[in-house]
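Here the structure is laid out as structure tokens; the discussion comes afterwards.
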Amino acid sequence: MSSNQGMVYDVLVLGAGMVGSSAALEARRRGLHVVLVDRREPGEETSYGNSGVVDGGNLFPVAMPRDIPTLFKHALNGETASHYHPSALPKVARWMLDYWRWSAPDKLEDTARTMRPFFAQAVAAHREFAGIAGAERYFRQTGWLEIYRKPESLAAQKRRLELSAEYGIDNQLLTREETLELEPHMKPNFAGSIWCKQADTVSNPGAVTKAYAAAFVAAGGRFAKGDAMTLAQVQGGYRVETEEGAVTARQVVIALGPWSADLVAKFGYRFPLGVKRGYHQHFKAKGNGFLNRQICDEDVGYVLCPMEQGIRLTTGVEIADRDAPKTPVQLERARRASSDLFDLGDPVEPEPWMGRRPATPDSRPILGAARRHEGMWFAFGHGHWGFTLGPATAKALLSAMAGEPPFIDLAPYSAERWT
């Protein structure tokens, strides 16, 4: 675009997933001149393939088992909730040990209290952005269900429900019969459920991300395809190469999800950013069956998600090299297990999709200013909650960039905790 030649933008956002697209939209809403750069179109990596839950009532992060029998079961590599490549273990051993330490009950409660202000803003921030982007049609305001097959699994949620009540979170314990009133096409092979009512769910996460990016462009922002790894610090700011030529801005936001570590390493930053790979595939429902909301089978480890494309079956965590070939063994395990709860029909697409979640050992994102590079900002490492927390992250980050009183205090998410 010739009109942009030689222009110095206020903000360069690298990465057009939910976090980056939201940051670009919020920056543009503040009147800043912004360019959003990605190697692909918006919403085509991790933000495309999630379960589509905006979980404003979330408390505890996804934790590693602490008891020896459960750890041993996962080590045998036959579980649905987890899978690993033995070749990857030496590279991630330190990260997994730290993750295990941060999965201790006291640390989980600490993380829950630290993250609570973010989750408390998640639904309202999404609804605000969806209204701006005309994306309300994708949103359902009916919560989601956590299904527990075993009575003891349901009973183990007592402390979490107590903490939920402490924060005023509306998580409702349901009997099997009450659950089936909400989801009449489910099979009754479970003990009960928790209805997480302070959550919105969406029918197409990728389309929502694209809608936020399109709203950014409609408001006068610029999207360009380019290679984030070409980022360089230059006089007065930062420059990156795009298909339309070099782009320069005074400030840069790095929101590249699992690829963020590669880029920040060029500037001398090393963070324990692991990658939790995951898969999904869409299926038709048998007969006239349907689901009204997302259903998580907590005892097995997968989610059934009613999407525009069909019923999306999502898997748990795969530990592997980020760019290793697909090994979707968990998807077949999940499909077999799901037949106890809901009848899936034929797959909609021939091949499963694979994504990569960027995760820190303490399950808290890395947000805030880069210590040694003025004008560089980090916004990555959200783990399972990048889609949920994208708009809230954007509002907090842009508030910090403007030097305003914090929308959310970013101190607990500072990169400095790893240095």
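Every chain in the structure tokens takes a letter, A first, then B, and so on in the order presented; its residues are numbered from 1, and the ligands are numbered from 1 following the presented order.
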
Contact table stretch 214-330 of chain A vs stretch 136-155 of chain A, cut-off 9 Å, shortest pair per residue, only C-alpha atoms, as JSON lines:
{"residue": "A:Asn292", "atom": "CA", "partner": "A:Thr142", "partner_atom": "CA", "distance": 8.1}
{"residue": "A:Arg293", "atom": "CA", "partner": "A:Trp144", "partner_atom": "CA", "distance": 5.5}
{"residue": "A:Gln294", "atom": "CA", "partner": "A:Trp144", "partner_atom": "CA", "distance": 5.1}
{"residue": "A:Ile295", "atom": "CA", "partner": "A:Leu145", "partner_atom": "CA", "distance": 5.0}
{"residue": "A:Cys296", "atom": "CA", "partner": "A:Glu146", "partner_atom": "CA", "distance": 4.8}
{"residue": "A:Asp297", "atom": "CA", "partner": "A:Ile147", "partner_atom": "CA", "distance": 5.0}
{"residue": "A:Glu298", "atom": "CA", "partner": "A:Tyr148", "partner_atom": "CA", "distance": 5.7}
{"residue": "A:Asp299", "atom": "CA", "partner": "A:Tyr148", "partner_atom": "CA", "distance": 6.0}
{"residue": "A:Val300", "atom": "CA", "partner": "A:Arg149", "partner_atom": "CA", "distance": 8.7}
{"residue": "A:Glu308", "atom": "CA", "partner": "A:Tyr138", "partner_atom": "CA", "distance": 8.9}

Give me the residues near stretch 229-235 of chain A as a list in words, where near means some atom within 10 Å (using only C-alpha atoms) and where sequence neighbours in that chain fewer than 6 positions away do not count. Leu14, Glu241, Thr242, Ala246, Val247, Thr248, Ala249, Arg250, Gln251, Val252, Trp259, Ser260, Asp262, Leu263, Val264, Lys266, Phe267, His373, Glu374, Gly375 and Met376 of chain A

Residues near stretch 353-358 of chain A, anyone? I mean within 7 Å using only C-alpha atoms, not counting same-chain ones fewer than 2 positions away, as a list in words.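 Near neighbours after the sequence-gap exclusion: Glu45, Thr46, Gly49, Gly257, Pro258, Leu273, Gly274, Val275, Lys276, Arg277, Gly278, Tyr279, His280, Gln281, Arg322, Glu351, Gly381, His382, Gly383 and His384 of chain A.
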
When you look at A:Phe380 with a cut-off of 7 Å (counting only C-alpha atoms), what residues show up, excluding the ones that are within fewer than 3 positions of it in the same chain? I need them as a ChimeraX atom specification. /A:255-257,260,365-367

Write to file, as a PDB file, in the first residue's frame, the residues of the selection just made, with N, CA, C and O atoms.
ATOM      1  N   ALA A 255       2.881 -11.650  20.310  1.00  0.00           N
ATOM      2  CA  ALA A 255       1.744 -12.508  20.665  1.00  0.00           C
ATOM      3  C   ALA A 255       1.716 -13.711  19.735  1.00  0.00           C
ATOM      4  O   ALA A 255       0.701 -13.999  19.097  1.00  0.00           O
ATOM      5  N   LEU A 256       2.839 -14.394  19.657  1.00  0.00           N
ATOM      6  CA  LEU A 256       3.026 -15.483  18.698  1.00  0.00           C
ATOM      7  C   LEU A 256       2.739 -16.857  19.291  1.00  0.00           C
ATOM      8  O   LEU A 256       3.094 -17.875  18.687  1.00  0.00           O
ATOM      9  N   GLY A 257       2.122 -16.905  20.455  1.00  0.00           N
ATOM     10  CA  GLY A 257       1.800 -18.192  21.045  1.00  0.00           C
ATOM     11  C   GLY A 257       3.021 -19.082  21.181  1.00  0.00           C
ATOM     12  O   GLY A 257       4.066 -18.652  21.700  1.00  0.00           O
ATOM     13  N   SER A 260       6.532 -17.795  20.162  1.00  0.00           N
ATOM     14  CA  SER A 260       7.077 -16.598  20.804  1.00  0.00           C
ATOM     15  C   SER A 260       8.486 -16.813  21.336  1.00  0.00           C
ATOM     16  O   SER A 260       9.342 -15.926  21.245  1.00  0.00           O
ATOM     17  N   PRO A 365       0.200 -16.645  32.083  1.00  0.00           N
ATOM     18  CA  PRO A 365       0.829 -16.109  30.879  1.00  0.00           C
ATOM     19  C   PRO A 365       1.984 -15.174  31.203  1.00  0.00           C
ATOM     20  O   PRO A 365       2.158 -14.734  32.345  1.00  0.00           O
ATOM     21  N   ILE A 366       2.780 -14.897  30.194  1.00  0.00           N
ATOM     22  CA  ILE A 366       3.870 -13.931  30.295  1.00  0.00           C
ATOM     23  C   ILE A 366       3.375 -12.635  29.653  1.00  0.00           C
ATOM     24  O   ILE A 366       3.179 -12.570  28.432  1.00  0.00           O
ATOM     25  N   LEU A 367       3.137 -11.634  30.485  1.00  0.00           N
ATOM     26  CA  LEU A 367       2.539 -10.384  30.022  1.00  0.00           C
ATOM     27  C   LEU A 367       3.322  -9.207  30.581  1.00  0.00           C
ATOM     28  O   LEU A 367       3.733  -9.222  31.739  1.00  0.00           O
TER      29      LEU A 367
END

Determine the nearest neighbour of A:Ala156 from the options A:Ala130, A:Val54, A:Ala214, A:Ile194, counting only C-alpha atoms. A:Ile194

May I have the residues within 12 Å of A:Tyr167 as an MDAnalysis selection string, using only C-alpha atoms and disregarding those fewer than 4 positions away in the same chain? chainID A and resid 56:59 112:113 116:117 119:120 160:163 171 198

Pick the closest to A:Pro306 from A:Lys326, A:Arg270, A:Lys91, A:His282: which is it, counting only C-alpha atoms?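 Among the listed residues, the smallest separation from A:Pro306 belongs to A:His282.
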
At what distance in Å, to one decimal, does atom CA of A:Trp195 lie from atom CA of A:Leu182?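 Result for atom CA of A:Leu182 versus atom CA of A:Trp195: 9.6 Å, one decimal.
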
Within stretch 232-315 of chain A, find each residue whose DSSP state, derived from the backbone, is strand (DSSP E or B), and express the selection as JSON, numbers by chain. {"A": [232, 233, 234, 237, 238, 239, 240, 241, 242, 245, 246, 247, 248, 249, 250, 251, 252, 253, 254, 274, 275, 276, 277, 278, 279, 280, 281, 282, 283, 284, 285, 295, 296, 297, 302, 303, 304, 305, 306, 307, 310, 311, 312, 313, 314]}

I want to know what sits within 10 Å of A:Pro412, based on only C-alpha atoms, with residues of the same chain fewer than 4 positions away left out; could you give that as a list of chain:residue names? A:Thr111, A:Thr114, A:Met115, A:Arg364, A:Pro365, A:Ile366, A:Leu367, A:Gly368, A:Glu416, A:Arg417

Store the residues picked out above, limited to N, CA, C and O atoms, as a compact mmCIF listing (two decimals), in the first residue's frame.
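What ended up in again_38.txt:
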# COMPACT_ATOMS: atom_id res chain seq x y z
N THR A 111 -2.31 -19.99 42.22
CA THR A 111 -2.55 -19.61 40.82
C THR A 111 -4.00 -19.23 40.61
O THR A 111 -4.31 -18.26 39.90
N THR A 114 -4.42 -15.76 41.88
CA THR A 114 -3.70 -14.80 41.04
C THR A 114 -4.44 -14.56 39.73
O THR A 114 -4.55 -13.42 39.26
N MET A 115 -4.95 -15.63 39.11
CA MET A 115 -5.59 -15.52 37.81
C MET A 115 -7.03 -15.05 37.88
O MET A 115 -7.61 -14.66 36.87
N ARG A 364 0.51 -19.47 34.17
CA ARG A 364 0.20 -18.05 34.09
C ARG A 364 0.87 -17.50 32.84
O ARG A 364 2.02 -17.83 32.56
N PRO A 365 0.20 -16.65 32.08
CA PRO A 365 0.83 -16.11 30.88
C PRO A 365 1.98 -15.17 31.20
O PRO A 365 2.16 -14.73 32.34
N ILE A 366 2.78 -14.90 30.19
CA ILE A 366 3.87 -13.93 30.30
C ILE A 366 3.38 -12.63 29.65
O ILE A 366 3.18 -12.57 28.43
N LEU A 367 3.14 -11.63 30.49
CA LEU A 367 2.54 -10.38 30.02
C LEU A 367 3.32 -9.21 30.58
O LEU A 367 3.73 -9.22 31.74
N GLY A 368 3.50 -8.20 29.74
CA GLY A 368 4.12 -6.97 30.22
C GLY A 368 5.34 -6.57 29.43
O GLY A 368 5.64 -7.12 28.36
N GLU A 416 9.82 -11.23 34.51
CA GLU A 416 10.90 -11.20 35.49
C GLU A 416 10.83 -12.37 36.47
O GLU A 416 11.82 -12.70 37.12
N ARG A 417 9.68 -13.01 36.58
CA ARG A 417 9.59 -14.14 37.51
C ARG A 417 10.42 -15.32 37.05
O ARG A 417 10.69 -16.25 37.83

Please report the interatomic distance between atom CA of A:Ala125 and atom CA of A:Pro391 in Å with one decimal.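 Separation between atom CA of A:Ala125 and atom CA of A:Pro391: 5.5 Å.
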
If we count only C-alpha atoms, what is near A:Cys305 at a cut-off of 8 Å, once residues fewer than 6 positions away on the same chain are taken out, given as a short mmCIF file (atom, residue, chain, number, x, y, z; two decimals) with C-alpha atoms, in the first residue's frame?
data_model
loop_
_atom_site.label_atom_id
_atom_site.label_comp_id
_atom_site.auth_asym_id
_atom_site.auth_seq_id
_atom_site.Cartn_x
_atom_site.Cartn_y
_atom_site.Cartn_z
CA SER A 51 -13.05 -26.05 22.63
CA GLY A 52 -14.68 -22.64 22.23
CA LEU A 291 -25.78 -30.94 22.28
CA ARG A 293 -23.30 -26.68 25.08
CA GLN A 294 -19.75 -28.00 25.47
CA ILE A 295 -19.41 -31.22 27.51
CA ILE A 311 -19.60 -31.97 16.95
CA ARG A 312 -15.96 -31.13 17.58
CA LEU A 313 -14.14 -33.79 19.57
CA THR A 314 -11.06 -32.27 21.23
#

Using backbone DSSP assignments, extract all helix (DSSP H, G or I) residues from stretch 227-400 of chain A; output them as an NGL selection string. :A and (257-265 or 329-338 or 383-400)

Given only C-alpha atoms as the basis, pick out the residue of A:Glu41, A:Asp321, A:Val253, A:Pro69 nearest to A:Leu397.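 Once distances to A:Leu397 are computed over only C-alpha atoms, the minimum belongs to A:Val253.
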
Between atom CA of A:Gly206 and atom CA of A:Glu318, what is the distance in Å, rounded to a tenth?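 Calculated distance between atom CA of A:Gly206 and atom CA of A:Glu318 is 21.4 Å.
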